[in-house]
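Peer 1: Input work.txt, format and content: compact mmCIF, C-alpha atoms.
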# COMPACT_ATOMS: atom_id res chain seq x y z
CA MET A 1471 -23.24 12.07 12.24
CA SER A 1472 -24.88 10.75 15.41
CA PHE A 1473 -28.16 9.70 13.78
CA ALA A 1474 -27.33 6.02 13.22
CA LEU A 1475 -26.03 5.68 16.77
CA LYS A 1476 -29.21 7.24 18.20
CA LEU A 1477 -31.31 4.77 16.22
CA ARG A 1478 -29.30 1.95 17.76
CA LYS A 1479 -29.89 3.50 21.23
CA PHE A 1480 -26.25 4.05 22.12
CA PRO A 1481 -25.66 5.89 25.43
CA LYS A 1482 -25.32 9.68 24.97
CA ALA A 1483 -21.80 9.71 26.39
CA GLU A 1484 -20.66 7.09 23.87
CA ILE A 1485 -22.34 8.95 21.00
CA ASP A 1486 -20.62 12.18 22.00
CA ARG A 1487 -17.25 10.40 22.24
CA ARG A 1488 -17.52 8.84 18.80
CA VAL A 1489 -18.82 11.97 17.08
CA SER A 1490 -16.13 14.11 18.71
CA ALA A 1491 -13.37 11.70 17.66
CA ALA A 1492 -14.65 11.50 14.07
CA ALA A 1493 -15.10 15.27 13.81
CA ASP A 1494 -11.58 15.83 15.10
CA ALA A 1495 -10.11 13.36 12.60
CA LEU A 1496 -12.00 15.02 9.72
CA GLY A 1497 -11.48 18.65 10.72
CA LEU A 1498 -15.20 19.16 11.37
CA THR A 1499 -15.19 20.14 15.04
CA ASP A 1500 -16.00 23.79 14.27
CA TYR A 1501 -18.92 22.83 12.02
CA LEU A 1502 -20.88 20.39 14.19
CA LYS A 1503 -23.70 22.86 14.85
CA ARG A 1504 -24.17 23.80 11.19
CA LEU A 1505 -27.02 22.59 9.01
CA PRO A 1506 -26.10 20.65 5.83
CA LYS A 1507 -27.07 23.60 3.60
CA ALA A 1508 -24.44 25.73 5.35
CA LEU A 1509 -21.63 23.31 4.45
CA SER A 1510 -19.46 23.24 1.33
CA GLY A 1511 -19.33 20.20 -0.95
CA GLY A 1512 -16.08 19.02 0.59
CA GLN A 1513 -17.42 19.44 4.12
CA ARG A 1514 -20.55 17.46 3.25
CA GLN A 1515 -18.33 14.70 1.90
CA ARG A 1516 -16.41 14.72 5.20
CA VAL A 1517 -19.70 14.45 7.09
CA ALA A 1518 -20.60 11.39 5.00
CA LEU A 1519 -17.27 9.84 5.99
CA GLY A 1520 -17.94 10.77 9.61
CA ARG A 1521 -21.32 9.00 9.56
CA ALA A 1522 -19.48 5.83 8.59
CA ILE A 1523 -16.56 6.30 10.99
CA VAL A 1524 -18.75 6.69 14.12
CA ARG A 1525 -20.12 3.20 13.56
CA GLU A 1526 -16.54 1.86 13.85
CA PRO A 1527 -17.02 -0.72 11.08
CA ALA A 1528 -14.51 -3.45 10.26
CA VAL A 1529 -14.88 -2.72 6.55
CA PHE A 1530 -15.66 0.51 4.69
CA LEU A 1531 -17.39 0.32 1.30
CA PHE A 1532 -16.87 3.36 -0.95
CA ASP A 1533 -18.76 3.65 -4.25
CA GLU A 1534 -17.19 6.51 -6.24
CA PRO A 1535 -17.32 8.91 -3.28
CA LEU A 1536 -15.44 11.72 -5.04
CA SER A 1537 -17.23 11.73 -8.39
CA ASN A 1538 -19.33 14.83 -7.65
CA LEU A 1539 -16.44 17.01 -6.44
CA ASP A 1540 -14.37 19.43 -8.50
CA ALA A 1541 -10.77 18.59 -9.39
CA LYS A 1542 -9.16 20.49 -6.50
CA MET A 1543 -11.53 19.03 -3.92
CA ARG A 1544 -11.01 15.51 -5.30
CA VAL A 1545 -7.27 15.81 -4.67
CA GLU A 1546 -7.86 17.06 -1.11
CA MET A 1547 -10.40 14.35 -0.26
CA ARG A 1548 -8.19 11.68 -1.81
CA ALA A 1549 -5.44 12.66 0.60
CA GLU A 1550 -7.96 12.75 3.46
CA ILE A 1551 -9.15 9.18 2.80
CA ILE A 1552 -5.57 7.91 2.50
CA ARG A 1553 -4.74 9.51 5.85
CA LEU A 1554 -7.87 8.05 7.46
CA HIS A 1555 -7.06 4.61 6.09
CA HIS A 1556 -3.69 4.65 7.85
CA GLN A 1557 -5.16 6.17 11.01
CA LEU A 1558 -8.13 3.81 11.39
CA GLY A 1559 -6.41 0.65 10.18
CA ALA A 1560 -9.70 -0.64 8.74
CA THR A 1561 -10.19 -2.44 5.45
CA MET A 1562 -11.51 -0.15 2.72
CA ILE A 1563 -13.06 -1.42 -0.51
CA TYR A 1564 -13.17 1.46 -2.97
CA VAL A 1565 -14.99 1.37 -6.31
CA THR A 1566 -13.95 3.94 -8.91
CA HIS A 1567 -13.72 4.54 -12.66
CA ASP A 1568 -10.87 6.98 -12.04
CA GLN A 1569 -7.65 5.02 -12.46
CA THR A 1570 -5.65 7.84 -10.83
CA GLU A 1571 -7.66 7.32 -7.64
CA ALA A 1572 -7.06 3.58 -7.86
CA MET A 1573 -3.31 3.95 -8.43
CA THR A 1574 -2.73 6.52 -5.67
CA MET A 1575 -5.07 5.09 -3.04
CA GLY A 1576 -5.07 1.35 -3.59
CA GLU A 1577 -2.80 -1.22 -1.98
CA ARG A 1578 -4.32 -3.96 -4.12
CA ILE A 1579 -6.35 -3.25 -7.24
CA VAL A 1580 -8.94 -5.39 -9.00
CA VAL A 1581 -9.33 -4.29 -12.64
CA MET A 1582 -12.69 -5.27 -14.11
CA ASN A 1583 -14.13 -5.09 -17.61
CA GLN A 1584 -17.82 -5.76 -18.23
CA GLY A 1585 -18.12 -7.57 -14.90
CA ARG A 1586 -15.09 -9.81 -15.42
CA ILE A 1587 -11.88 -9.60 -13.42
CA GLN A 1588 -8.91 -8.86 -15.67
CA GLN A 1589 -6.09 -8.64 -13.11
CA VAL A 1590 -5.55 -8.39 -9.35
CA ALA A 1591 -2.24 -6.84 -8.29
CA PRO A 1592 -0.56 -3.97 -6.45
CA PRO A 1593 -0.57 -0.65 -8.37
CA LEU A 1594 3.05 -0.84 -9.55
CA SER A 1595 2.62 -4.38 -10.87
CA LEU A 1596 -0.44 -3.33 -12.85
CA TYR A 1597 1.52 -0.45 -14.34
CA GLU A 1598 4.68 -2.37 -15.22
CA LYS A 1599 3.26 -5.82 -15.96
CA PRO A 1600 -0.33 -5.59 -17.21
CA ALA A 1601 -1.91 -8.97 -17.82
CA ASN A 1602 -3.59 -8.07 -21.10
CA PRO A 1603 -4.09 -5.17 -23.54
CA PHE A 1604 -7.20 -3.94 -21.70
CA VAL A 1605 -5.30 -3.43 -18.44
CA ALA A 1606 -2.38 -1.92 -20.35
CA SER A 1607 -4.60 0.68 -22.02
CA PHE A 1608 -6.72 1.36 -18.93
CA ILE A 1609 -3.99 1.91 -16.35
CA GLY A 1610 -1.69 4.90 -16.81
CA THR A 1611 -2.11 8.49 -17.98
CA PRO A 1612 -1.47 8.58 -20.87
CA PRO A 1613 -2.07 4.86 -21.40
CA MET A 1614 0.47 2.34 -22.60
CA ASN A 1615 1.22 2.43 -26.32
CA LEU A 1616 0.13 -0.83 -27.95
CA PHE A 1617 1.97 -1.47 -31.21
CA PRO A 1618 0.39 -4.11 -33.46
CA ALA A 1619 2.47 -6.87 -34.98
CA GLY A 1620 4.67 -5.59 -37.76
CA ILE A 1621 5.82 -2.31 -36.20
CA LEU A 1622 8.17 -3.34 -33.37
CA SER A 1623 7.66 -7.10 -33.50
CA PRO A 1624 6.82 -9.40 -36.42
CA GLU A 1625 4.29 -11.52 -34.49
CA LYS A 1626 3.14 -10.04 -31.17
CA ILE A 1627 1.47 -6.89 -29.85
CA VAL A 1628 4.14 -4.88 -28.02
CA GLY A 1629 3.24 -2.52 -25.17
CA LEU A 1630 5.49 0.39 -24.14
CA ARG A 1631 4.79 3.17 -21.68
CA PRO A 1632 5.23 6.71 -23.09
CA GLU A 1633 8.33 7.21 -20.92
CA HIS A 1634 9.98 4.18 -22.53
CA LEU A 1635 9.97 5.80 -25.98
CA ARG A 1636 12.22 8.57 -27.31
CA LEU A 1637 11.85 10.64 -30.43
CA VAL A 1638 15.29 11.27 -31.91
CA LYS A 1639 15.57 14.04 -34.46
CA GLY A 1640 16.83 12.66 -37.74
CA GLU A 1641 18.16 9.12 -37.98
CA ALA A 1642 18.82 6.94 -34.93
CA SER A 1643 22.46 6.35 -34.05
CA ASP A 1644 24.19 3.06 -34.83
CA GLY A 1645 22.93 0.19 -32.74
CA GLN A 1646 19.57 1.84 -32.02
CA LYS A 1647 16.48 0.27 -33.49
CA GLY A 1648 13.59 2.53 -34.34
CA VAL A 1649 10.90 3.51 -36.80
CA SER A 1650 10.53 6.81 -38.63
CA ALA A 1651 7.80 9.03 -37.21
CA THR A 1652 6.26 12.47 -37.63
CA VAL A 1653 5.12 14.75 -34.79
CA ASP A 1654 1.34 15.15 -34.87
CA PHE A 1655 0.97 17.60 -31.98
CA VAL A 1656 2.66 18.45 -28.68
CA GLU A 1657 1.23 18.87 -25.16
CA PRO A 1658 3.62 20.89 -22.92
CA LEU A 1659 2.67 20.27 -19.27
CA GLY A 1660 5.52 22.08 -17.52
CA SER A 1661 7.28 19.22 -15.76
CA GLU A 1662 6.97 17.07 -18.88
CA THR A 1663 5.90 17.16 -22.50
CA LEU A 1664 3.64 14.64 -24.23
CA VAL A 1665 4.60 14.28 -27.87
CA HIS A 1666 1.99 12.66 -30.10
CA VAL A 1667 3.55 11.07 -33.16
CA ILE A 1668 2.49 9.03 -36.18
CA CYS A 1669 4.68 6.11 -37.23
CA ASP A 1670 5.22 6.91 -40.91
CA ALA A 1671 5.05 3.52 -42.63
CA GLN A 1672 2.05 2.15 -40.74
CA LYS A 1673 0.32 5.49 -39.93
CA PHE A 1674 0.01 4.27 -36.34
CA PRO A 1675 -0.23 6.80 -33.47
CA ALA A 1676 1.97 6.73 -30.36
CA ILE A 1677 2.65 9.00 -27.37
CA VAL A 1678 6.13 9.86 -26.09
CA ARG A 1679 6.68 11.34 -22.62
CA GLU A 1680 9.65 13.71 -22.58
CA PRO A 1681 10.89 15.21 -19.30
CA GLY A 1682 10.66 19.00 -19.05
CA PHE A 1683 10.14 21.05 -22.21
CA ALA A 1684 10.66 19.37 -25.58
CA SER A 1685 11.44 21.73 -28.45
CA LEU A 1686 9.38 19.85 -31.01
CA ALA A 1687 6.64 21.07 -33.30
CA ALA A 1688 3.94 19.52 -35.45
CA GLY A 1689 5.31 18.17 -38.73
CA GLU A 1690 8.85 17.52 -37.50
CA ARG A 1691 10.32 14.18 -38.55
CA GLY A 1692 12.41 11.87 -36.42
CA THR A 1693 13.00 8.30 -35.34
CA LEU A 1694 10.92 6.66 -32.62
CA VAL A 1695 13.37 4.67 -30.47
CA PRO A 1696 11.86 2.14 -28.02
CA ASP A 1697 13.47 0.80 -24.85
CA LEU A 1698 12.67 -2.81 -25.64
CA SER A 1699 13.98 -3.96 -22.24
CA ARG A 1700 10.80 -2.37 -20.77
CA ALA A 1701 8.45 -3.77 -23.41
CA VAL A 1702 5.49 -6.00 -22.56
CA GLU A 1703 4.41 -8.57 -25.15
CA PHE A 1704 0.84 -9.76 -25.64
Is it possible to give me this structure as structure tokens?
Peer 2:
Amino acid sequence: MSFALKLRKFPKAEIDRRVSAAADALGLTDYLKRLPKALSGGQRQRVALGRAIVREPAVFLFDEPLSNLDAKMRVEMRAEIIRLHHQLGATMIYVTHDQTEAMTMGERIVVMNQGRIQQVAPPLSLYEKPANPFVASFIGTPPMNLFPAGILSPEKIVGLRPEHLRLVKGEASDGQKGVSATVDFVEPLGSETLVHVICDAQKFPAIVREPGFASLAAGERGTLVPDLSRAVEF
């Protein structure tokens, strides 16, 4: 962690101060005497952050820093970087293909496709008001359902998040607009259930997010009811 400062001929006292402060912030104080081979993957990632922090830069540039970590360690390091961002108050530019990282860590997100900027906005704006079908299908897990013209609208592509759709068993009640659909398969996730359906007439797939456990099975028929007040038109 001190290597770059030694190359720049910083005084030893200043090097020690910066390394100690960075190690304390990253929980590395007890590991400063260890060789890299004696550190875990997460600890090595913290050391890499420490090497940047000791330089006290005005801007941090991260290029997919968590891509080589396992799922559990990615969650931990994500929280660590968020905490450091607030603590240091420095600008951080973070490049990632993982839209979960972008949504949870970013204050302002630039969505790019093949080198072209598609939209620049805060995370919630990207989620609720995507600028085009690419952003709509890229942001969100699962992504936004994009219904082609003729299913929910005669002329435009209509986008609806999975939580803005309901699958009603049987026919929809009076006043509700919907399309008949058949359950393809179900993904129970504990806190929610993802129901994959096929719109019968057009054979078009869609995903419905149901809170908690949904007692649905493959082959069941129902009516897909959209909340059109939350729809996005393209």
Peer 1: Would you mind reading off the distance between CA of Ala1684 in chain A and CA of Pro1658 in chain A, one decimal, in Å?
Peer 2: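 Atom-to-atom, CA of Ala1684 in chain A to CA of Pro1658 in chain A, that is 7.7 Å.
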Peer 1: Using all atoms listed in the file, which of the listed residues (A:Leu1659, A:Val1702, A:Ile1587, A:Ala1474) sits closest to Pro1681 in chain A?
Peer 2: A:Leu1659
Peer 1: Residues near Pro1600 in chain A, anyone? I mean within 12 Å using all atoms listed in the file, not counting same-chain ones fewer than 4 positions away, as a PyMOL selection string.
Peer 2: chain A and resi 1579-1581+1588-1596+1604-1610+1613-1614+1616+1628-1631+1701-1704
Peer 1: From the options A:Glu1534, A:Phe1655, A:Lys1476, A:Val1545, which residue's atoms come nearest to His1567 in chain A, counting only C-alpha atoms?
Peer 2: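 Counting only C-alpha atoms, the residue closest to His1567 in chain A is A:Glu1534.
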Peer 1: Leaving out range 1522-1525 of chain A and any residue of its chain fewer than 6 positions from it, which residues lie within 7 Å of it when counting only C-alpha atoms, given as a ChimeraX atom specification?
Peer 2: /A:1488-1489,1492
Peer 1: Any chance you can output those residues with C-alpha atoms as a PDB file, in the coordinates of the input?
Peer 2:
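So result_13.pdb came out as:
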ATOM      1  CA  ARG A1488     -17.520   8.840  18.800  1.00  0.00           C
ATOM      2  CA  VAL A1489     -18.820  11.970  17.080  1.00  0.00           C
ATOM      3  CA  ALA A1492     -14.650  11.500  14.070  1.00  0.00           C
TER       4      ALA A1492
END
Peer 1: Find the residue from A:Ile1552, A:Glu1633, A:Phe1674, A:Ala1688 that sits nearest to Arg1700 in chain A; use only C-alpha atoms when measuring.
Peer 2: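 Comparing A:Ile1552, A:Glu1633, A:Phe1674, A:Ala1688 against Arg1700 in chain A, the winner is A:Glu1633.
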Peer 1: Find the residue from A:Asn1602, A:Thr1561, A:Thr1693, A:Gln1672 that sits nearest to Val1653 in chain A; use all atoms listed in the file when measuring.
Peer 2: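 When distances to Val1653 in chain A are compared using all atoms listed in the file, the smallest one comes from A:Thr1693.
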Peer 1: Of the candidates A:Ile1485, A:Leu1686, A:His1555, A:Arg1514, which shows the shortest atom-to-atom distance to Asn1538 in chain A, using only C-alpha atoms?
Peer 2: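 Of A:Ile1485, A:Leu1686, A:His1555, A:Arg1514, the one nearest Asn1538 in chain A is A:Arg1514, counting only C-alpha atoms.
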Peer 1: Between CA of Arg1544 in chain A and CA of Tyr1564 in chain A, what is the spacing in Å?
Peer 2: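 Interatomic distance here is 14.4 Å.
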Peer 1: Which residue, A:Leu1496, A:Leu1509, A:Leu1637, A:Met1582, has the smallest gap to Ile1551 in chain A when you use only C-alpha atoms?
Peer 2: A:Leu1496
Peer 1: Enclose all atoms of range 1510-1525 of chain A listed in the file in an axis-aligned box, grow every side by 4 Å, and hand back centre and edge lengths in Å to one decimal, as AutoDock Vina command-line options.
Peer 2:
--center_x -18.7 --center_y 13.2 --center_z 6.6 --size_x 13.2 --size_y 28.0 --size_z 23.1
Peer 1: Can you tell me which residues surround Ala1651 in chain A at a distance of at most 8 Å, considering all atoms listed in the file, apart from same-chain residues fewer than 5 positions away, and format the answer as an MDAnalysis selection string?
Peer 2: chainID A and resid 1667:1670 1691:1694
Peer 1: Could you tell me how far CA of Pro1612 in chain A lies from CA of Pro1632 in chain A, in Å and to one decimal?
Peer 2: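 CA of Pro1632 in chain A lies at a distance of 7.3 Å from CA of Pro1612 in chain A.
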Peer 1: I want to know what sits within 10 Å of Gln1513 in chain A, based on all atoms listed in the file, with residues of the same chain fewer than 3 positions away left out; could you give that as a PyMOL selection string?
Peer 2: chain A and resi 1496-1498+1501+1506+1508-1510+1516-1519+1543+1547
Peer 1: Mind writing the picked residues with C-alpha atoms as an mmCIF file, keeping the file's coordinate frame?
Peer 2:
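What follows is the written file again-v4.cif:
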data_model
loop_
_atom_site.group_PDB
_atom_site.id
_atom_site.type_symbol
_atom_site.label_atom_id
_atom_site.label_comp_id
_atom_site.auth_asym_id
_atom_site.auth_seq_id
_atom_site.Cartn_x
_atom_site.Cartn_y
_atom_site.Cartn_z
ATOM 1 C CA LEU A 1496 -12.000 15.020 9.720
ATOM 2 C CA GLY A 1497 -11.480 18.650 10.720
ATOM 3 C CA LEU A 1498 -15.200 19.160 11.370
ATOM 4 C CA TYR A 1501 -18.920 22.830 12.020
ATOM 5 C CA PRO A 1506 -26.100 20.650 5.830
ATOM 6 C CA ALA A 1508 -24.440 25.730 5.350
ATOM 7 C CA LEU A 1509 -21.630 23.310 4.450
ATOM 8 C CA SER A 1510 -19.460 23.240 1.330
ATOM 9 C CA ARG A 1516 -16.410 14.720 5.200
ATOM 10 C CA VAL A 1517 -19.700 14.450 7.090
ATOM 11 C CA ALA A 1518 -20.600 11.390 5.000
ATOM 12 C CA LEU A 1519 -17.270 9.840 5.990
ATOM 13 C CA MET A 1543 -11.530 19.030 -3.920
ATOM 14 C CA MET A 1547 -10.400 14.350 -0.260
#
Peer 1: Neighbours of Thr1499 in chain A within 8 Å (only C-alpha atoms; same-chain residues fewer than 5 positions away dropped), as JSON, numbers by chain?
Peer 2: {"A": [1490, 1493, 1494]}
Peer 1: Keeping only C-alpha atoms, write those residues as a compact mmCIF listing (two decimals), in the coordinates of the input.
Peer 2:
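Final output, saved to selection.txt:
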# COMPACT_ATOMS: atom_id res chain seq x y z
CA SER A 1490 -16.13 14.11 18.71
CA ALA A 1493 -15.10 15.27 13.81
CA ASP A 1494 -11.58 15.83 15.10
